[in-house]
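Asker: Attaching a single structure in structure tokens format; questions to follow.
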Amino acid sequence: MDNPRSTLLGWTEQGHLAPEALYPAMVASGALPSRPAWQRSIDRLLLWAGTLFLAASLVFFLAYNWQDLGHYAKFALAEGAVLLALAGVWHQGLERPGGKAALLGASLALGALLALVGQTYQTGADTYELFASWALMLLPWVLLGRCAPLWLLWLLLVNLAIVLYFQLFPGRFLGRLLGAEQQLWLLFAWNTLAQLLWELAARHGITWLQPRWGARLLACAGGAMITALAVLQVTDWHGSSVLALPVWLLWLAACGWIYRRRQKDLFMLAGGALSLILVVSSFFVDWLSFRHGSGFLLVGLLVIGLSAAAGWWLKRVAAEEAP
């Protein structure tokens with residue numbers, strides 16, 4: 001099916017639609033948001049931004065007044081913020097945007113409370129345990145909330161717990177078993193699995209997962225990991241996994257097929273093109289520096305050429321929906 005915006009622009013160019021009627025026709029067809037739609041979008045933006053700023057203000061207030069506040073005042077403030085946010089959830093309900101934003105605020109305040117407990121009583125918990133405990137305690141709220149930002153927050157906490165564990169304890173069992181490269185594999189698998197499940201759930205009718213920004217953020221995380229692995233292999237053939245390039249090529253081909261043929265998404269295709277440019281450029285940087293000592297001009301020309309080719313290809317893909 002043609003894009004309504006492209007169709008209306010084509011009609012205007014062909015003279016079938018008067019230029020002064022173009023804007024009303026775009027609004028009526030849904031190609032452009034109406035005034036109520038703009039108002040709803042701004043309201044949602046202010047709601048979520050206000051929630052994040054309020055949660056951040058709690059953390060900064062406690063940090064700035066750490067010496068002046070006693071233990072009871074600190075805990076009363078943190079626990080009161082959690083209870084107040086939960087009261088907002090109860091009042092608004094989980095089906096309304098206000099209730100979901102209040103639940104996000106309660107989730108962030110819970111993290112501040114856990115950090116306060118660890119800092120006040122010096123429990124001996126390491127940083128990764130804070131994020132792991134936070135993610136574990138948050139999981140019931142995430143399951144009940146049915147809210148994309150909450151799920152992304154939970155996935156971020158798990159990623160941070162994984163990264164911080166291997167940074168703090170590289171000599172422990174898992175640290176010895178999983179070196180730096182294996183940690184990239186673990187993060188790639190985790191984020192790609194989350195993206196796959198997110199996409200499948202959205203395609204099977206879970207409406208609150210259908211906005212594309214959540215899947216795109218997960219794709220950026222997984223794509224960054226596999227791109228780093230591919231760059232490691234092309235710059236260090238003997239010290240890295242031989243599976244990196246084949247898996248990267250498979251990931252690149254899968255992204256190209258899915259997001260061009262099954263569900264067209266220029267953002268995902270642009271991310272794949274960027275990954276290709278980074279890997280190819282890294283190979284030539286390593287090859288030229290090893291053999292010729294200096295080849296920055298050639299590498300710069302190569303990056304310009306690849307970027308131009310990627311832009312030309314993306315414009316062709318975008319024009320496929322045009323009439």
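To be explicit about the labels: the chains of the structure tokens are called A, B, and onward in the order shown, and within each one the residues are counted from 1, while ligands get numbers from 1 in the order they are shown.
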Which parts of segment 71-305 of chain A does DSSP call helix (DSSP H, G or I) when run on the backbone here, written out as a PyMOL selection string?
Answerer: chain A and resi 71-92+97-121+127-145+148-168+173-177+180-203+207-209+212-235+244-262+266-291+296-305
Asker: From the list A:Ile226, A:Leu156, A:Ala21, A:Leu196, which residue is nearest Gln182 of chain A when using only C-alpha atoms?
Answerer: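 The answer is A:Ile226, which sits nearest to Gln182 of chain A.
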Asker: From the set A:Gly271, A:Thr12, A:Ala230, A:Val27, which residue has the shortest atom-to-atom contact distance to Pro246 of chain A, counting only C-alpha atoms?
Answerer: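 Of the candidates, the smallest distance to Pro246 of chain A is held by A:Ala230.
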Asker: Show me, as a VMD selection string, the residues that have an atom within 10 Å of Val299 of chain A when counting only C-alpha atoms, minus same-chain residues fewer than 5 positions from it.
Answerer: chain A and resid 280 to 285 288 294 304 to 305
Asker: Show me, as CSV, the residues of segment 72-100 of chain A having an atom within 12 Å of segment 128-149 of chain A, each with the closest atom pair and its distance in Å, using only C-alpha atoms.
Answerer:
```
residue,atom,partner,partner_atom,distance
A:Leu86,CA,A:Trp141,CA,10.6
A:Val89,CA,A:Gly145,CA,9.7
A:Trp90,CA,A:Gly145,CA,11.9
A:Gly93,CA,A:Gly145,CA,9.7
A:Leu94,CA,A:Gly145,CA,6.2
A:Glu95,CA,A:Gly145,CA,8.4
A:Arg96,CA,A:Gly145,CA,10.4
A:Pro97,CA,A:Cys147,CA,9.2
A:Gly98,CA,A:Cys147,CA,11.5
A:Gly99,CA,A:Gly145,CA,8.8
A:Lys100,CA,A:Gly145,CA,6.5
```
Asker: Report as a ChimeraX atom specification all protein, DNA and RNA residues lying within 10 Å of Phe188 of chain A, evaluated on only C-alpha atoms, omitting residues in the same chain fewer than 5 positions from it.
Answerer: /A:182-183,193-194,218-219,221-229
Asker: Convert the current residue selection to file output with C-alpha atoms, as an mmCIF file, in the first residue's frame.
Answerer:
```cif
data_model
loop_
_atom_site.group_PDB
_atom_site.id
_atom_site.type_symbol
_atom_site.label_atom_id
_atom_site.label_comp_id
_atom_site.auth_asym_id
_atom_site.auth_seq_id
_atom_site.Cartn_x
_atom_site.Cartn_y
_atom_site.Cartn_z
ATOM 1 C CA GLN A 182 32.896 -13.311 25.485
ATOM 2 C CA GLN A 183 31.204 -10.538 27.453
ATOM 3 C CA LEU A 193 17.053 -11.832 21.982
ATOM 4 C CA ALA A 194 15.218 -8.954 23.672
ATOM 5 C CA LEU A 218 17.588 -2.581 21.424
ATOM 6 C CA ALA A 219 18.850 -2.924 17.852
ATOM 7 C CA ALA A 221 22.656 -2.055 21.607
ATOM 8 C CA GLY A 222 22.896 -5.431 19.890
ATOM 9 C CA GLY A 223 24.311 -3.929 16.707
ATOM 10 C CA ALA A 224 27.021 -2.086 18.634
ATOM 11 C CA MET A 225 28.121 -5.349 20.268
ATOM 12 C CA ILE A 226 28.331 -7.433 17.073
ATOM 13 C CA THR A 227 29.985 -4.556 15.198
ATOM 14 C CA ALA A 228 32.636 -4.308 17.931
ATOM 15 C CA LEU A 229 33.226 -8.061 17.666
#
```
Asker: Sorted by chain and rising residue number, which residues of segment 78-179 of chain A lie within 10 Å of segment 44-54 of chain A, and what are their closest atom pairs and distances in Å to one decimal, counting only C-alpha atoms, as a tab-separated table?
Answerer:
```
residue	atom	partner	partner_atom	distance
A:Ala81	CA	A:Leu54	CA	9.6
A:Ala85	CA	A:Thr51	CA	9.8
A:Pro97	CA	A:Arg44	CA	7.6
A:Gly98	CA	A:Leu47	CA	7.4
A:Lys100	CA	A:Trp48	CA	9.3
A:Ala101	CA	A:Trp48	CA	6.1
A:Ala102	CA	A:Thr51	CA	7.2
A:Leu103	CA	A:Thr51	CA	9.5
A:Leu104	CA	A:Thr51	CA	7.5
A:Gly105	CA	A:Thr51	CA	5.7
A:Ala106	CA	A:Thr51	CA	9.5
A:Leu108	CA	A:Leu52	CA	8.2
A:Ala109	CA	A:Leu54	CA	9.3
A:Pro149	CA	A:Trp48	CA	9.4
```
Asker: One decimal, in Å: what's the spacing between atom CA of Leu252 of chain A and atom CA of Ala189 of chain A?
Answerer: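 Between these atoms lies a distance of 14.6 Å.
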Asker: Could you tell me how far atom CA of Trp251 of chain A sits from atom CA of Trp208 of chain A, in Å to one decimal place?
Answerer: 26.2 Å
Asker: Please provide the set of residues having any atom within 12 Å of Ala254 of chain A, restricted to only C-alpha atoms, with same-chain residues fewer than 5 positions apart removed, written as a list in words.
Answerer: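 Residues meeting the cut-off are Thr192, Leu196, Gly223, Val247, Trp248, Leu249, Tyr259, Arg260, Arg261, Arg262, Gln263, Met268, Leu269 and Gly272 of chain A.
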Asker: Hey, can you spit out that residue selection with N, CA and C atoms as a PDB file, in the first residue's frame?
Answerer:
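What ended up in again-v1.pdb:
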```pdb
ATOM      1  N   THR A 192      19.939  -8.851  21.474  1.00  0.00           N
ATOM      2  CA  THR A 192      19.303  -9.316  20.237  1.00  0.00           C
ATOM      3  C   THR A 192      18.105 -10.194  20.544  1.00  0.00           C
ATOM      4  N   LEU A 196      14.331  -9.415  19.385  1.00  0.00           N
ATOM      5  CA  LEU A 196      13.524 -10.396  18.660  1.00  0.00           C
ATOM      6  C   LEU A 196      12.184 -10.624  19.352  1.00  0.00           C
ATOM      7  N   GLY A 223      23.469  -4.225  17.855  1.00  0.00           N
ATOM      8  CA  GLY A 223      24.311  -3.929  16.707  1.00  0.00           C
ATOM      9  C   GLY A 223      25.673  -3.396  17.106  1.00  0.00           C
ATOM     10  N   VAL A 247      29.013 -14.393  11.984  1.00  0.00           N
ATOM     11  CA  VAL A 247      27.795 -14.003  12.707  1.00  0.00           C
ATOM     12  C   VAL A 247      27.409 -12.573  12.347  1.00  0.00           C
ATOM     13  N   TRP A 248      28.394 -11.687  12.216  1.00  0.00           N
ATOM     14  CA  TRP A 248      28.099 -10.312  11.818  1.00  0.00           C
ATOM     15  C   TRP A 248      27.463 -10.265  10.440  1.00  0.00           C
ATOM     16  N   LEU A 249      28.003 -11.036   9.483  1.00  0.00           N
ATOM     17  CA  LEU A 249      27.421 -11.072   8.141  1.00  0.00           C
ATOM     18  C   LEU A 249      26.000 -11.633   8.169  1.00  0.00           C
ATOM     19  N   TYR A 259      14.060  -5.862   7.610  1.00  0.00           N
ATOM     20  CA  TYR A 259      13.638  -4.468   7.671  1.00  0.00           C
ATOM     21  C   TYR A 259      13.543  -3.810   6.300  1.00  0.00           C
ATOM     22  N   ARG A 260      13.708  -4.593   5.249  1.00  0.00           N
ATOM     23  CA  ARG A 260      13.373  -4.087   3.923  1.00  0.00           C
ATOM     24  C   ARG A 260      12.205  -4.837   3.313  1.00  0.00           C
ATOM     25  N   ARG A 261      12.162  -6.156   3.533  1.00  0.00           N
ATOM     26  CA  ARG A 261      11.119  -6.966   2.903  1.00  0.00           C
ATOM     27  C   ARG A 261       9.928  -7.204   3.812  1.00  0.00           C
ATOM     28  N   ARG A 262      10.190  -7.514   5.067  1.00  0.00           N
ATOM     29  CA  ARG A 262       9.098  -7.861   5.972  1.00  0.00           C
ATOM     30  C   ARG A 262       8.465  -6.637   6.629  1.00  0.00           C
ATOM     31  N   GLN A 263       9.281  -5.727   7.119  1.00  0.00           N
ATOM     32  CA  GLN A 263       8.797  -4.523   7.793  1.00  0.00           C
ATOM     33  C   GLN A 263       9.793  -3.405   7.528  1.00  0.00           C
ATOM     34  N   MET A 268      16.617   1.108  10.920  1.00  0.00           N
ATOM     35  CA  MET A 268      17.348  -0.150  11.066  1.00  0.00           C
ATOM     36  C   MET A 268      18.308  -0.366   9.897  1.00  0.00           C
ATOM     37  N   LEU A 269      17.853  -0.058   8.687  1.00  0.00           N
ATOM     38  CA  LEU A 269      18.717  -0.218   7.518  1.00  0.00           C
ATOM     39  C   LEU A 269      19.909   0.742   7.584  1.00  0.00           C
ATOM     40  N   GLY A 272      22.414  -0.760   9.931  1.00  0.00           N
ATOM     41  CA  GLY A 272      23.191  -1.813   9.280  1.00  0.00           C
ATOM     42  C   GLY A 272      24.241  -1.238   8.338  1.00  0.00           C
TER      43      GLY A 272
END
```
Asker: Please report the interatomic distance between atom CA of Ala319 of chain A and atom CA of Ala273 of chain A in Å with one decimal.
Answerer: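 Separation between atom CA of Ala319 of chain A and atom CA of Ala273 of chain A: 17.3 Å.
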Asker: Excluding same-chain residues fewer than 4 positions from Asp126 of chain A, what lies within 12 Å of it counting only C-alpha atoms, as a list in words?
Answerer: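 Here the answer would be Ala115, Gly118, Gln119, Gln122, Leu130, Phe131, Ala132, Ser133, Ala161, Leu164, Tyr165, Phe166, Gln167, Leu168 and Phe169 of chain A.
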